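Report on the following structure.
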Amino acid sequence: CMLLICAPDLIPGQLRYSIHEEMEEGAFVGNLAQDLGLTVRQLSARKLRLSSDDGGRYMKVGSDNGVLSIRERIDREGICRHTEMCTIHFKTTLENPSEVYRGEVEILDVNDNPPNFGDGSIALLISEAIAPGVRFRLESAEDPDVGINTVTAYTISSNEHFSLKTRKTEDGIMVAELLLEKSLDREVQTSHQLLLTATDGGIPQRSATAQVIITVLDINDNPPVFDHDIYRGSLSENAPQGAIVMKVNANDMDDGMNAELTYTFSDVALRRARHLFSLDPDSGEIRVEGPLDFEEATSYSLDIQAMDNGSPPITGHANVLIKITDVNDNAPEIKLTSASIKIAENAPPGTFITFIDIIDRDSGENGQVRCEL
């Protein structure tokens with residue numbers, strides 16, 4: 001009779017550290033020996049080791065002093081993308097007696113990425129017939145950093161016709177809208193050029209600029225209006241390509257061609273989301289276009305617009321929030337942690353053989369595992 005033990009049931013404690021990303025190789029993370037109550041003499045006898053999972057890739061432990069340090073430079077955005085909390089899990093093992101300790105290192109964001117406006121220009125067509133008070137949504141700058149290090153403010157160059165209004169969407173993205181303060185007159189000035197600046201809240205503060213080029217045109221004074229300012233829906237992460245997410249609808253009080261609408265994603269929509277969903281220009285149906293993964297993103301925010309066929313055209317805007325639901329699409333992974341796999345043929349019942357580590361990357365109940373022999 002042999003005894004098989006599942007490692008999660010034997011973890012004596014949890015070790016937690018935090019470091020900033022982009023630290024140099026060899027930078028100090030924590031003193032494992034001290035936190036585990038080991039003396040220098042015990043380190044050699046008990047063979048303190050770090051497992052070869054993600055923790056072993058990015059960190060190492062000194063065999064002579066038990067200090068946990070950086071093995072290679074860590075890029076937070078490369079590991080965790082846009083998630084607020086970024087952690088690297090590690091596992092340490094001891095022998096004589098055999099023990100396993102789990103730990104995690106939180107990777108804190110540093111302001112190493114500036115905002116980005118893409119090609120650096122934003123083009124708007126605005127009719128001289130539009131009355132003051134109308135707002136025009138501007139393209140948002142993207143910043144892979146998180147928290148205070150992402151875009152926190154927008155400013156616009158001084159002018160008599162426009163002011164800038166900013167607000168945060170429900171998913172925390174700062175957006176800017178151009179507010180028409182004074183009527184435009186095409187006969188006086190056919191175009192306006194403004195400088196839009198996006199800044200983050202990091203130290204040092206980083207910024208980016210974009211030229212806002214406004215062409216003043218005539219006619220068509222009613223914008224399309226969506227049935228809802230915000231559309232909400234949910235979708236399973238295993239939804240097939242072509243599956244309908246929802247249908248949006250807008251109406252225009254104008255007549256004829258000025259009331260004929262075309263639906264598109266606006267420039268404000270994040271580029272990564274536009275690759276995963278399609279929008280029918282005539283019907284307003286939103287469909288799945290690419291593979292979805294709950295483990296990569298739990299929700300998507302799509303900014304859509306309805307543009308009429310007037311001259312010049314006017315657009316109406318709405319926001320679509322799509323929540324991705326998890327399915328049990330990741331099989332548990334089994335990892336063995338053992339100093340040796342050899343046992344004597346006369347080993348008595350109850351002899352320790354190995355630790356079995358079970359990892360499931362799904363969330364909630366789908367990520368819970370049960371060990372059986």
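Note on naming: chains are A, B, ... as they come in the structure tokens, residues start from 1 per chain, ligands start from 1 in the order shown.
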Shell around Cys86 of chain A at 8 Å using only C-alpha atoms, local window under 2 positions removed, as a list of chain:residue names: A:Arg76, A:Ile79, A:Cys80, A:Thr83, A:Glu84, A:Ile88, A:Glu106, A:Ile107, A:Leu108
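Of note, atom CA of Leu194 of chain A and atom CA of Ala318 of chain A are spaced 24.6 Å apart.
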Mind the document's chain letters and residue numbers, and return as a PDB file with N, CA and C atoms, in the first residue's frame the residues of segment 63-283 of chain A that DSSP labels strand (DSSP E or B).
```pdb
ATOM      1  N   VAL A  67      17.883  34.042  -0.457  1.00  0.00           N
ATOM      2  CA  VAL A  67      17.279  35.294  -0.927  1.00  0.00           C
ATOM      3  C   VAL A  67      16.618  35.072  -2.274  1.00  0.00           C
ATOM      4  N   LEU A  68      15.366  35.503  -2.397  1.00  0.00           N
ATOM      5  CA  LEU A  68      14.624  35.442  -3.644  1.00  0.00           C
ATOM      6  C   LEU A  68      14.941  36.713  -4.445  1.00  0.00           C
ATOM      7  N   SER A  69      15.366  36.540  -5.705  1.00  0.00           N
ATOM      8  CA  SER A  69      15.770  37.688  -6.514  1.00  0.00           C
ATOM      9  C   SER A  69      15.268  37.526  -7.944  1.00  0.00           C
ATOM     10  N   ILE A  70      15.408  38.604  -8.733  1.00  0.00           N
ATOM     11  CA  ILE A  70      14.939  38.619 -10.112  1.00  0.00           C
ATOM     12  C   ILE A  70      15.898  37.834 -11.001  1.00  0.00           C
ATOM     13  N   THR A  87       0.043  39.197 -10.654  1.00  0.00           N
ATOM     14  CA  THR A  87       0.826  38.407  -9.704  1.00  0.00           C
ATOM     15  C   THR A  87       1.515  37.250 -10.414  1.00  0.00           C
ATOM     16  N   ILE A  88       2.700  36.908  -9.925  1.00  0.00           N
ATOM     17  CA  ILE A  88       3.422  35.714 -10.368  1.00  0.00           C
ATOM     18  C   ILE A  88       3.452  34.747  -9.193  1.00  0.00           C
ATOM     19  N   HIS A  89       2.970  33.557  -9.414  1.00  0.00           N
ATOM     20  CA  HIS A  89       2.926  32.555  -8.348  1.00  0.00           C
ATOM     21  C   HIS A  89       4.189  31.684  -8.397  1.00  0.00           C
ATOM     22  N   PHE A  90       4.681  31.319  -7.240  1.00  0.00           N
ATOM     23  CA  PHE A  90       5.847  30.449  -7.187  1.00  0.00           C
ATOM     24  C   PHE A  90       5.658  29.398  -6.091  1.00  0.00           C
ATOM     25  N   LYS A  91       6.518  28.426  -6.119  1.00  0.00           N
ATOM     26  CA  LYS A  91       6.425  27.329  -5.153  1.00  0.00           C
ATOM     27  C   LYS A  91       7.839  26.951  -4.729  1.00  0.00           C
ATOM     28  N   THR A  92       8.062  26.822  -3.433  1.00  0.00           N
ATOM     29  CA  THR A  92       9.357  26.413  -2.905  1.00  0.00           C
ATOM     30  C   THR A  92       9.217  25.066  -2.221  1.00  0.00           C
ATOM     31  N   THR A  93      10.264  24.276  -2.292  1.00  0.00           N
ATOM     32  CA  THR A  93      10.250  22.953  -1.663  1.00  0.00           C
ATOM     33  C   THR A  93      11.435  22.817  -0.711  1.00  0.00           C
ATOM     34  N   LEU A  94      11.198  22.062   0.345  1.00  0.00           N
ATOM     35  CA  LEU A  94      12.227  21.742   1.325  1.00  0.00           C
ATOM     36  C   LEU A  94      12.269  20.233   1.514  1.00  0.00           C
ATOM     37  N   GLU A  99       8.564  19.575   2.524  1.00  0.00           N
ATOM     38  CA  GLU A  99       7.545  20.611   2.698  1.00  0.00           C
ATOM     39  C   GLU A  99       7.452  21.428   1.421  1.00  0.00           C
ATOM     40  N   VAL A 100       6.250  21.931   1.161  1.00  0.00           N
ATOM     41  CA  VAL A 100       6.019  22.809   0.017  1.00  0.00           C
ATOM     42  C   VAL A 100       5.380  24.092   0.515  1.00  0.00           C
ATOM     43  N   TYR A 101       5.897  25.218   0.073  1.00  0.00           N
ATOM     44  CA  TYR A 101       5.331  26.524   0.398  1.00  0.00           C
ATOM     45  C   TYR A 101       4.949  27.234  -0.890  1.00  0.00           C
ATOM     46  N   ARG A 102       3.746  27.738  -0.930  1.00  0.00           N
ATOM     47  CA  ARG A 102       3.318  28.546  -2.071  1.00  0.00           C
ATOM     48  C   ARG A 102       3.563  30.022  -1.768  1.00  0.00           C
ATOM     49  N   GLY A 103       3.769  30.768  -2.809  1.00  0.00           N
ATOM     50  CA  GLY A 103       3.954  32.202  -2.643  1.00  0.00           C
ATOM     51  C   GLY A 103       3.524  32.944  -3.886  1.00  0.00           C
ATOM     52  N   GLU A 104       3.406  34.232  -3.759  1.00  0.00           N
ATOM     53  CA  GLU A 104       3.066  35.062  -4.913  1.00  0.00           C
ATOM     54  C   GLU A 104       3.797  36.394  -4.803  1.00  0.00           C
ATOM     55  N   VAL A 105       4.151  36.916  -5.959  1.00  0.00           N
ATOM     56  CA  VAL A 105       4.815  38.216  -6.043  1.00  0.00           C
ATOM     57  C   VAL A 105       3.925  39.135  -6.874  1.00  0.00           C
ATOM     58  N   GLU A 106       3.453  40.212  -6.264  1.00  0.00           N
ATOM     59  CA  GLU A 106       2.647  41.180  -7.008  1.00  0.00           C
ATOM     60  C   GLU A 106       3.586  42.088  -7.801  1.00  0.00           C
ATOM     61  N   ILE A 107       3.305  42.225  -9.093  1.00  0.00           N
ATOM     62  CA  ILE A 107       4.118  43.068  -9.963  1.00  0.00           C
ATOM     63  C   ILE A 107       3.430  44.429 -10.070  1.00  0.00           C
ATOM     64  N   LEU A 108       4.059  45.440  -9.502  1.00  0.00           N
ATOM     65  CA  LEU A 108       3.491  46.785  -9.493  1.00  0.00           C
ATOM     66  C   LEU A 108       3.864  47.520 -10.783  1.00  0.00           C
ATOM     67  N   ASN A 116      -0.926  56.858 -26.537  1.00  0.00           N
ATOM     68  CA  ASN A 116      -0.690  56.734 -27.975  1.00  0.00           C
ATOM     69  C   ASN A 116      -1.979  57.015 -28.734  1.00  0.00           C
ATOM     70  N   SER A 121      -3.677  61.980 -35.721  1.00  0.00           N
ATOM     71  CA  SER A 121      -4.603  62.980 -36.248  1.00  0.00           C
ATOM     72  C   SER A 121      -6.045  62.484 -36.123  1.00  0.00           C
ATOM     73  N   ILE A 122      -6.943  63.435 -35.891  1.00  0.00           N
ATOM     74  CA  ILE A 122      -8.372  63.134 -35.768  1.00  0.00           C
ATOM     75  C   ILE A 122      -9.116  64.084 -36.697  1.00  0.00           C
ATOM     76  N   ALA A 123      -9.900  63.534 -37.612  1.00  0.00           N
ATOM     77  CA  ALA A 123     -10.631  64.339 -38.589  1.00  0.00           C
ATOM     78  C   ALA A 123     -12.111  64.388 -38.230  1.00  0.00           C
ATOM     79  N   LEU A 124     -12.686  65.572 -38.224  1.00  0.00           N
ATOM     80  CA  LEU A 124     -14.109  65.763 -37.947  1.00  0.00           C
ATOM     81  C   LEU A 124     -14.752  66.595 -39.059  1.00  0.00           C
ATOM     82  N   LEU A 125     -15.969  66.230 -39.411  1.00  0.00           N
ATOM     83  CA  LEU A 125     -16.775  67.022 -40.330  1.00  0.00           C
ATOM     84  C   LEU A 125     -17.932  67.608 -39.532  1.00  0.00           C
ATOM     85  N   ILE A 126     -18.027  68.925 -39.474  1.00  0.00           N
ATOM     86  CA  ILE A 126     -19.057  69.576 -38.666  1.00  0.00           C
ATOM     87  C   ILE A 126     -19.797  70.598 -39.529  1.00  0.00           C
ATOM     88  N   SER A 127     -21.105  70.472 -39.530  1.00  0.00           N
ATOM     89  CA  SER A 127     -21.920  71.395 -40.312  1.00  0.00           C
ATOM     90  C   SER A 127     -22.018  72.754 -39.628  1.00  0.00           C
ATOM     91  N   ARG A 135     -22.072  67.858 -28.818  1.00  0.00           N
ATOM     92  CA  ARG A 135     -20.771  67.278 -28.471  1.00  0.00           C
ATOM     93  C   ARG A 135     -20.316  66.319 -29.560  1.00  0.00           C
ATOM     94  N   PHE A 136     -18.994  66.266 -29.747  1.00  0.00           N
ATOM     95  CA  PHE A 136     -18.392  65.389 -30.735  1.00  0.00           C
ATOM     96  C   PHE A 136     -17.333  64.534 -30.041  1.00  0.00           C
ATOM     97  N   ARG A 137     -17.541  63.241 -30.103  1.00  0.00           N
ATOM     98  CA  ARG A 137     -16.635  62.305 -29.433  1.00  0.00           C
ATOM     99  C   ARG A 137     -15.288  62.264 -30.150  1.00  0.00           C
ATOM    100  N   GLU A 142      -4.631  55.349 -26.281  1.00  0.00           N
ATOM    101  CA  GLU A 142      -4.467  54.070 -25.599  1.00  0.00           C
ATOM    102  C   GLU A 142      -3.165  54.076 -24.818  1.00  0.00           C
ATOM    103  N   VAL A 151      -4.130  56.891 -18.955  1.00  0.00           N
ATOM    104  CA  VAL A 151      -4.591  58.245 -19.297  1.00  0.00           C
ATOM    105  C   VAL A 151      -5.575  58.743 -18.237  1.00  0.00           C
ATOM    106  N   THR A 152      -5.281  59.912 -17.672  1.00  0.00           N
ATOM    107  CA  THR A 152      -6.140  60.490 -16.633  1.00  0.00           C
ATOM    108  C   THR A 152      -6.716  61.842 -17.020  1.00  0.00           C
ATOM    109  N   ALA A 153      -6.212  62.468 -18.089  1.00  0.00           N
ATOM    110  CA  ALA A 153      -6.698  63.807 -18.432  1.00  0.00           C
ATOM    111  C   ALA A 153      -6.480  64.102 -19.905  1.00  0.00           C
ATOM    112  N   TYR A 154      -7.368  64.935 -20.460  1.00  0.00           N
ATOM    113  CA  TYR A 154      -7.224  65.469 -21.808  1.00  0.00           C
ATOM    114  C   TYR A 154      -7.337  66.990 -21.740  1.00  0.00           C
ATOM    115  N   THR A 155      -6.589  67.679 -22.582  1.00  0.00           N
ATOM    116  CA  THR A 155      -6.706  69.128 -22.730  1.00  0.00           C
ATOM    117  C   THR A 155      -6.717  69.465 -24.213  1.00  0.00           C
ATOM    118  N   ILE A 156      -7.281  70.639 -24.539  1.00  0.00           N
ATOM    119  CA  ILE A 156      -7.359  71.083 -25.926  1.00  0.00           C
ATOM    120  C   ILE A 156      -6.794  72.490 -26.012  1.00  0.00           C
ATOM    121  N   PHE A 162     -14.703  76.004 -29.508  1.00  0.00           N
ATOM    122  CA  PHE A 162     -14.831  74.694 -28.878  1.00  0.00           C
ATOM    123  C   PHE A 162     -14.234  74.685 -27.469  1.00  0.00           C
ATOM    124  N   SER A 163     -14.829  73.854 -26.619  1.00  0.00           N
ATOM    125  CA  SER A 163     -14.241  73.517 -25.324  1.00  0.00           C
ATOM    126  C   SER A 163     -14.199  72.003 -25.225  1.00  0.00           C
ATOM    127  N   LEU A 164     -13.543  71.501 -24.197  1.00  0.00           N
ATOM    128  CA  LEU A 164     -13.350  70.054 -24.054  1.00  0.00           C
ATOM    129  C   LEU A 164     -14.037  69.567 -22.789  1.00  0.00           C
ATOM    130  N   LYS A 165     -14.788  68.479 -22.914  1.00  0.00           N
ATOM    131  CA  LYS A 165     -15.422  67.815 -21.773  1.00  0.00           C
ATOM    132  C   LYS A 165     -14.876  66.396 -21.680  1.00  0.00           C
ATOM    133  N   THR A 166     -14.579  65.962 -20.473  1.00  0.00           N
ATOM    134  CA  THR A 166     -14.077  64.607 -20.271  1.00  0.00           C
ATOM    135  C   THR A 166     -14.938  63.870 -19.260  1.00  0.00           C
ATOM    136  N   ARG A 167     -14.949  62.557 -19.367  1.00  0.00           N
ATOM    137  CA  ARG A 167     -15.678  61.716 -18.417  1.00  0.00           C
ATOM    138  C   ARG A 167     -15.098  60.312 -18.486  1.00  0.00           C
ATOM    139  N   LYS A 168     -15.408  59.525 -17.465  1.00  0.00           N
ATOM    140  CA  LYS A 168     -14.982  58.131 -17.419  1.00  0.00           C
ATOM    141  C   LYS A 168     -16.154  57.228 -17.749  1.00  0.00           C
ATOM    142  N   MET A 174     -11.045  56.891 -19.746  1.00  0.00           N
ATOM    143  CA  MET A 174     -11.254  58.329 -19.850  1.00  0.00           C
ATOM    144  C   MET A 174     -11.489  58.697 -21.313  1.00  0.00           C
ATOM    145  N   VAL A 175     -12.606  59.377 -21.589  1.00  0.00           N
ATOM    146  CA  VAL A 175     -12.923  59.778 -22.958  1.00  0.00           C
ATOM    147  C   VAL A 175     -13.088  61.292 -23.010  1.00  0.00           C
ATOM    148  N   ALA A 176     -12.858  61.835 -24.197  1.00  0.00           N
ATOM    149  CA  ALA A 176     -12.935  63.286 -24.395  1.00  0.00           C
ATOM    150  C   ALA A 176     -13.986  63.602 -25.459  1.00  0.00           C
ATOM    151  N   GLU A 177     -14.726  64.673 -25.235  1.00  0.00           N
ATOM    152  CA  GLU A 177     -15.737  65.131 -26.174  1.00  0.00           C
ATOM    153  C   GLU A 177     -15.523  66.612 -26.452  1.00  0.00           C
ATOM    154  N   LEU A 178     -15.613  66.964 -27.730  1.00  0.00           N
ATOM    155  CA  LEU A 178     -15.474  68.352 -28.143  1.00  0.00           C
ATOM    156  C   LEU A 178     -16.851  69.005 -28.101  1.00  0.00           C
ATOM    157  N   LEU A 179     -16.985  70.075 -27.332  1.00  0.00           N
ATOM    158  CA  LEU A 179     -18.263  70.776 -27.177  1.00  0.00           C
ATOM    159  C   LEU A 179     -18.245  72.054 -28.010  1.00  0.00           C
ATOM    160  N   LEU A 180     -19.237  72.173 -28.896  1.00  0.00           N
ATOM    161  CA  LEU A 180     -19.346  73.374 -29.719  1.00  0.00           C
ATOM    162  C   LEU A 180     -19.911  74.505 -28.865  1.00  0.00           C
ATOM    163  N   SER A 191     -12.080  75.723 -42.043  1.00  0.00           N
ATOM    164  CA  SER A 191     -11.562  74.623 -41.227  1.00  0.00           C
ATOM    165  C   SER A 191     -10.928  75.173 -39.962  1.00  0.00           C
ATOM    166  N   HIS A 192     -10.796  74.288 -38.970  1.00  0.00           N
ATOM    167  CA  HIS A 192     -10.161  74.637 -37.693  1.00  0.00           C
ATOM    168  C   HIS A 192      -9.192  73.519 -37.341  1.00  0.00           C
ATOM    169  N   GLN A 193      -8.056  73.885 -36.777  1.00  0.00           N
ATOM    170  CA  GLN A 193      -7.078  72.898 -36.306  1.00  0.00           C
ATOM    171  C   GLN A 193      -6.813  73.120 -34.825  1.00  0.00           C
ATOM    172  N   LEU A 194      -7.013  72.067 -34.047  1.00  0.00           N
ATOM    173  CA  LEU A 194      -6.811  72.111 -32.602  1.00  0.00           C
ATOM    174  C   LEU A 194      -5.788  71.046 -32.212  1.00  0.00           C
ATOM    175  N   LEU A 195      -5.158  71.230 -31.059  1.00  0.00           N
ATOM    176  CA  LEU A 195      -4.198  70.254 -30.550  1.00  0.00           C
ATOM    177  C   LEU A 195      -4.772  69.597 -29.303  1.00  0.00           C
ATOM    178  N   LEU A 196      -4.996  68.295 -29.399  1.00  0.00           N
ATOM    179  CA  LEU A 196      -5.513  67.509 -28.271  1.00  0.00           C
ATOM    180  C   LEU A 196      -4.346  66.831 -27.568  1.00  0.00           C
ATOM    181  N   THR A 197      -4.268  66.985 -26.248  1.00  0.00           N
ATOM    182  CA  THR A 197      -3.185  66.379 -25.462  1.00  0.00           C
ATOM    183  C   THR A 197      -3.762  65.406 -24.441  1.00  0.00           C
ATOM    184  N   ALA A 198      -3.219  64.204 -24.414  1.00  0.00           N
ATOM    185  CA  ALA A 198      -3.582  63.197 -23.406  1.00  0.00           C
ATOM    186  C   ALA A 198      -2.415  63.024 -22.454  1.00  0.00           C
ATOM    187  N   THR A 199      -2.674  63.067 -21.165  1.00  0.00           N
ATOM    188  CA  THR A 199      -1.619  62.875 -20.163  1.00  0.00           C
ATOM    189  C   THR A 199      -2.021  61.776 -19.189  1.00  0.00           C
ATOM    190  N   ASP A 200      -1.023  61.071 -18.678  1.00  0.00           N
ATOM    191  CA  ASP A 200      -1.296  60.069 -17.650  1.00  0.00           C
ATOM    192  C   ASP A 200      -0.975  60.659 -16.284  1.00  0.00           C
ATOM    193  N   SER A 207       2.863  61.991 -21.929  1.00  0.00           N
ATOM    194  CA  SER A 207       1.769  62.567 -22.689  1.00  0.00           C
ATOM    195  C   SER A 207       1.912  62.258 -24.169  1.00  0.00           C
ATOM    196  N   ALA A 208       0.833  62.505 -24.907  1.00  0.00           N
ATOM    197  CA  ALA A 208       0.834  62.371 -26.367  1.00  0.00           C
ATOM    198  C   ALA A 208      -0.124  63.414 -26.925  1.00  0.00           C
ATOM    199  N   THR A 209       0.097  63.813 -28.166  1.00  0.00           N
ATOM    200  CA  THR A 209      -0.757  64.820 -28.798  1.00  0.00           C
ATOM    201  C   THR A 209      -1.309  64.304 -30.117  1.00  0.00           C
ATOM    202  N   ALA A 210      -2.431  64.874 -30.511  1.00  0.00           N
ATOM    203  CA  ALA A 210      -3.042  64.566 -31.801  1.00  0.00           C
ATOM    204  C   ALA A 210      -3.617  65.853 -32.385  1.00  0.00           C
ATOM    205  N   GLN A 211      -3.467  66.021 -33.676  1.00  0.00           N
ATOM    206  CA  GLN A 211      -4.065  67.158 -34.368  1.00  0.00           C
ATOM    207  C   GLN A 211      -5.533  66.858 -34.649  1.00  0.00           C
ATOM    208  N   VAL A 212      -6.425  67.741 -34.187  1.00  0.00           N
ATOM    209  CA  VAL A 212      -7.848  67.627 -34.476  1.00  0.00           C
ATOM    210  C   VAL A 212      -8.155  68.575 -35.637  1.00  0.00           C
ATOM    211  N   ILE A 213      -8.471  67.999 -36.788  1.00  0.00           N
ATOM    212  CA  ILE A 213      -8.720  68.790 -38.001  1.00  0.00           C
ATOM    213  C   ILE A 213     -10.222  68.807 -38.266  1.00  0.00           C
ATOM    214  N   ILE A 214     -10.828  69.978 -38.164  1.00  0.00           N
ATOM    215  CA  ILE A 214     -12.275  70.137 -38.298  1.00  0.00           C
ATOM    216  C   ILE A 214     -12.572  70.837 -39.620  1.00  0.00           C
ATOM    217  N   THR A 215     -13.313  70.146 -40.480  1.00  0.00           N
ATOM    218  CA  THR A 215     -13.756  70.722 -41.737  1.00  0.00           C
ATOM    219  C   THR A 215     -15.200  71.186 -41.588  1.00  0.00           C
ATOM    220  N   VAL A 216     -15.467  72.447 -41.864  1.00  0.00           N
ATOM    221  CA  VAL A 216     -16.795  73.026 -41.686  1.00  0.00           C
ATOM    222  C   VAL A 216     -17.585  72.869 -42.984  1.00  0.00           C
ATOM    223  N   LEU A 217     -18.738  72.188 -42.889  1.00  0.00           N
ATOM    224  CA  LEU A 217     -19.602  71.954 -44.050  1.00  0.00           C
ATOM    225  C   LEU A 217     -21.020  72.452 -43.755  1.00  0.00           C
ATOM    226  N   VAL A 225     -29.897  59.136 -33.431  1.00  0.00           N
ATOM    227  CA  VAL A 225     -30.000  58.885 -31.990  1.00  0.00           C
ATOM    228  C   VAL A 225     -30.261  57.398 -31.776  1.00  0.00           C
ATOM    229  N   PHE A 226     -29.408  56.750 -30.985  1.00  0.00           N
ATOM    230  CA  PHE A 226     -29.597  55.334 -30.682  1.00  0.00           C
ATOM    231  C   PHE A 226     -30.722  55.147 -29.671  1.00  0.00           C
ATOM    232  N   ILE A 230     -26.257  53.167 -23.739  1.00  0.00           N
ATOM    233  CA  ILE A 230     -25.390  52.033 -23.419  1.00  0.00           C
ATOM    234  C   ILE A 230     -26.170  50.745 -23.653  1.00  0.00           C
ATOM    235  N   TYR A 231     -25.643  49.874 -24.490  1.00  0.00           N
ATOM    236  CA  TYR A 231     -26.207  48.541 -24.702  1.00  0.00           C
ATOM    237  C   TYR A 231     -25.400  47.549 -23.863  1.00  0.00           C
ATOM    238  N   ARG A 232     -26.095  46.615 -23.229  1.00  0.00           N
ATOM    239  CA  ARG A 232     -25.429  45.611 -22.394  1.00  0.00           C
ATOM    240  C   ARG A 232     -25.817  44.213 -22.863  1.00  0.00           C
ATOM    241  N   GLY A 233     -24.843  43.326 -22.852  1.00  0.00           N
ATOM    242  CA  GLY A 233     -25.100  41.944 -23.225  1.00  0.00           C
ATOM    243  C   GLY A 233     -24.052  41.036 -22.636  1.00  0.00           C
ATOM    244  N   SER A 234     -24.302  39.734 -22.688  1.00  0.00           N
ATOM    245  CA  SER A 234     -23.329  38.753 -22.209  1.00  0.00           C
ATOM    246  C   SER A 234     -23.161  37.674 -23.261  1.00  0.00           C
ATOM    247  N   LEU A 235     -21.997  37.033 -23.239  1.00  0.00           N
ATOM    248  CA  LEU A 235     -21.635  36.090 -24.271  1.00  0.00           C
ATOM    249  C   LEU A 235     -20.688  35.055 -23.691  1.00  0.00           C
ATOM    250  N   SER A 236     -20.920  33.787 -24.024  1.00  0.00           N
ATOM    251  CA  SER A 236     -20.029  32.727 -23.570  1.00  0.00           C
ATOM    252  C   SER A 236     -18.717  32.806 -24.330  1.00  0.00           C
ATOM    253  N   ILE A 244     -24.585  35.844 -33.195  1.00  0.00           N
ATOM    254  CA  ILE A 244     -25.109  37.197 -32.999  1.00  0.00           C
ATOM    255  C   ILE A 244     -24.988  37.579 -31.527  1.00  0.00           C
ATOM    256  N   VAL A 245     -24.376  38.725 -31.266  1.00  0.00           N
ATOM    257  CA  VAL A 245     -24.252  39.235 -29.906  1.00  0.00           C
ATOM    258  C   VAL A 245     -25.486  40.056 -29.540  1.00  0.00           C
ATOM    259  N   MET A 246     -25.839  41.008 -30.394  1.00  0.00           N
ATOM    260  CA  MET A 246     -27.022  41.840 -30.203  1.00  0.00           C
ATOM    261  C   MET A 246     -27.236  42.668 -31.466  1.00  0.00           C
ATOM    262  N   LYS A 247     -28.337  43.408 -31.492  1.00  0.00           N
ATOM    263  CA  LYS A 247     -28.619  44.313 -32.608  1.00  0.00           C
ATOM    264  C   LYS A 247     -28.863  45.703 -32.049  1.00  0.00           C
ATOM    265  N   ALA A 250     -30.636  52.906 -34.400  1.00  0.00           N
ATOM    266  CA  ALA A 250     -30.685  54.354 -34.243  1.00  0.00           C
ATOM    267  C   ALA A 250     -31.717  54.932 -35.195  1.00  0.00           C
ATOM    268  N   ASN A 251     -32.233  56.099 -34.865  1.00  0.00           N
ATOM    269  CA  ASN A 251     -33.213  56.790 -35.703  1.00  0.00           C
ATOM    270  C   ASN A 251     -32.749  58.214 -35.946  1.00  0.00           C
ATOM    271  N   LEU A 261     -29.076  55.434 -42.536  1.00  0.00           N
ATOM    272  CA  LEU A 261     -27.966  55.288 -41.591  1.00  0.00           C
ATOM    273  C   LEU A 261     -27.036  54.143 -41.962  1.00  0.00           C
ATOM    274  N   THR A 262     -25.768  54.319 -41.631  1.00  0.00           N
ATOM    275  CA  THR A 262     -24.755  53.272 -41.759  1.00  0.00           C
ATOM    276  C   THR A 262     -24.086  53.097 -40.404  1.00  0.00           C
ATOM    277  N   TYR A 263     -24.036  51.840 -39.934  1.00  0.00           N
ATOM    278  CA  TYR A 263     -23.460  51.547 -38.627  1.00  0.00           C
ATOM    279  C   TYR A 263     -22.007  51.112 -38.781  1.00  0.00           C
ATOM    280  N   THR A 264     -21.133  51.659 -37.947  1.00  0.00           N
ATOM    281  CA  THR A 264     -19.721  51.274 -37.929  1.00  0.00           C
ATOM    282  C   THR A 264     -19.193  51.387 -36.509  1.00  0.00           C
ATOM    283  N   PHE A 265     -18.049  50.736 -36.267  1.00  0.00           N
ATOM    284  CA  PHE A 265     -17.320  50.999 -35.034  1.00  0.00           C
ATOM    285  C   PHE A 265     -16.664  52.376 -35.164  1.00  0.00           C
ATOM    286  N   PHE A 277     -15.073  41.420 -33.007  1.00  0.00           N
ATOM    287  CA  PHE A 277     -16.493  41.564 -33.297  1.00  0.00           C
ATOM    288  C   PHE A 277     -16.678  42.298 -34.630  1.00  0.00           C
ATOM    289  N   SER A 278     -17.781  41.996 -35.306  1.00  0.00           N
ATOM    290  CA  SER A 278     -18.124  42.689 -36.546  1.00  0.00           C
ATOM    291  C   SER A 278     -19.476  43.365 -36.367  1.00  0.00           C
ATOM    292  N   LEU A 279     -19.687  44.430 -37.113  1.00  0.00           N
ATOM    293  CA  LEU A 279     -20.930  45.202 -37.041  1.00  0.00           C
ATOM    294  C   LEU A 279     -21.476  45.358 -38.452  1.00  0.00           C
TER     295      LEU A 279
END
```
Surrounding residues of Ile203 of chain A excluding itself and chain neighbours under 5 positions, 12 Å, only C-alpha atoms, as a ChimeraX atom specification: /A:109-114,148-150
Put those residues in a file: N, CA and C atoms, as a tab-separated table (two decimals), in the first residue's frame.
```tsv
chain	number	residue	atom	x	y	z
A	109	ASP	N	2.89	48.24	-11.29
A	109	ASP	CA	3.08	48.96	-12.55
A	109	ASP	C	3.97	50.17	-12.35
A	110	VAL	N	4.84	50.42	-13.33
A	110	VAL	CA	5.58	51.68	-13.40
A	110	VAL	C	5.17	52.37	-14.69
A	111	ASN	N	5.32	53.66	-14.72
A	111	ASN	CA	4.84	54.43	-15.86
A	111	ASN	C	5.87	54.38	-17.00
A	112	ASP	N	5.93	53.21	-17.68
A	112	ASP	CA	6.93	53.02	-18.71
A	112	ASP	C	6.36	53.10	-20.12
A	113	ASN	N	5.07	53.43	-20.23
A	113	ASN	CA	4.45	53.55	-21.55
A	113	ASN	C	3.71	54.88	-21.67
A	114	PRO	N	3.98	55.65	-22.72
A	114	PRO	CA	3.23	56.89	-22.92
A	114	PRO	C	1.89	56.61	-23.58
A	148	ILE	N	-3.22	54.68	-12.00
A	148	ILE	CA	-2.88	56.09	-12.15
A	148	ILE	C	-1.94	56.31	-13.32
A	149	ASN	N	-1.25	55.25	-13.78
A	149	ASN	CA	-0.29	55.39	-14.87
A	149	ASN	C	-0.92	55.41	-16.25
A	150	THR	N	-2.23	55.16	-16.33
A	150	THR	CA	-2.90	55.24	-17.63
A	150	THR	C	-3.43	56.65	-17.84
```
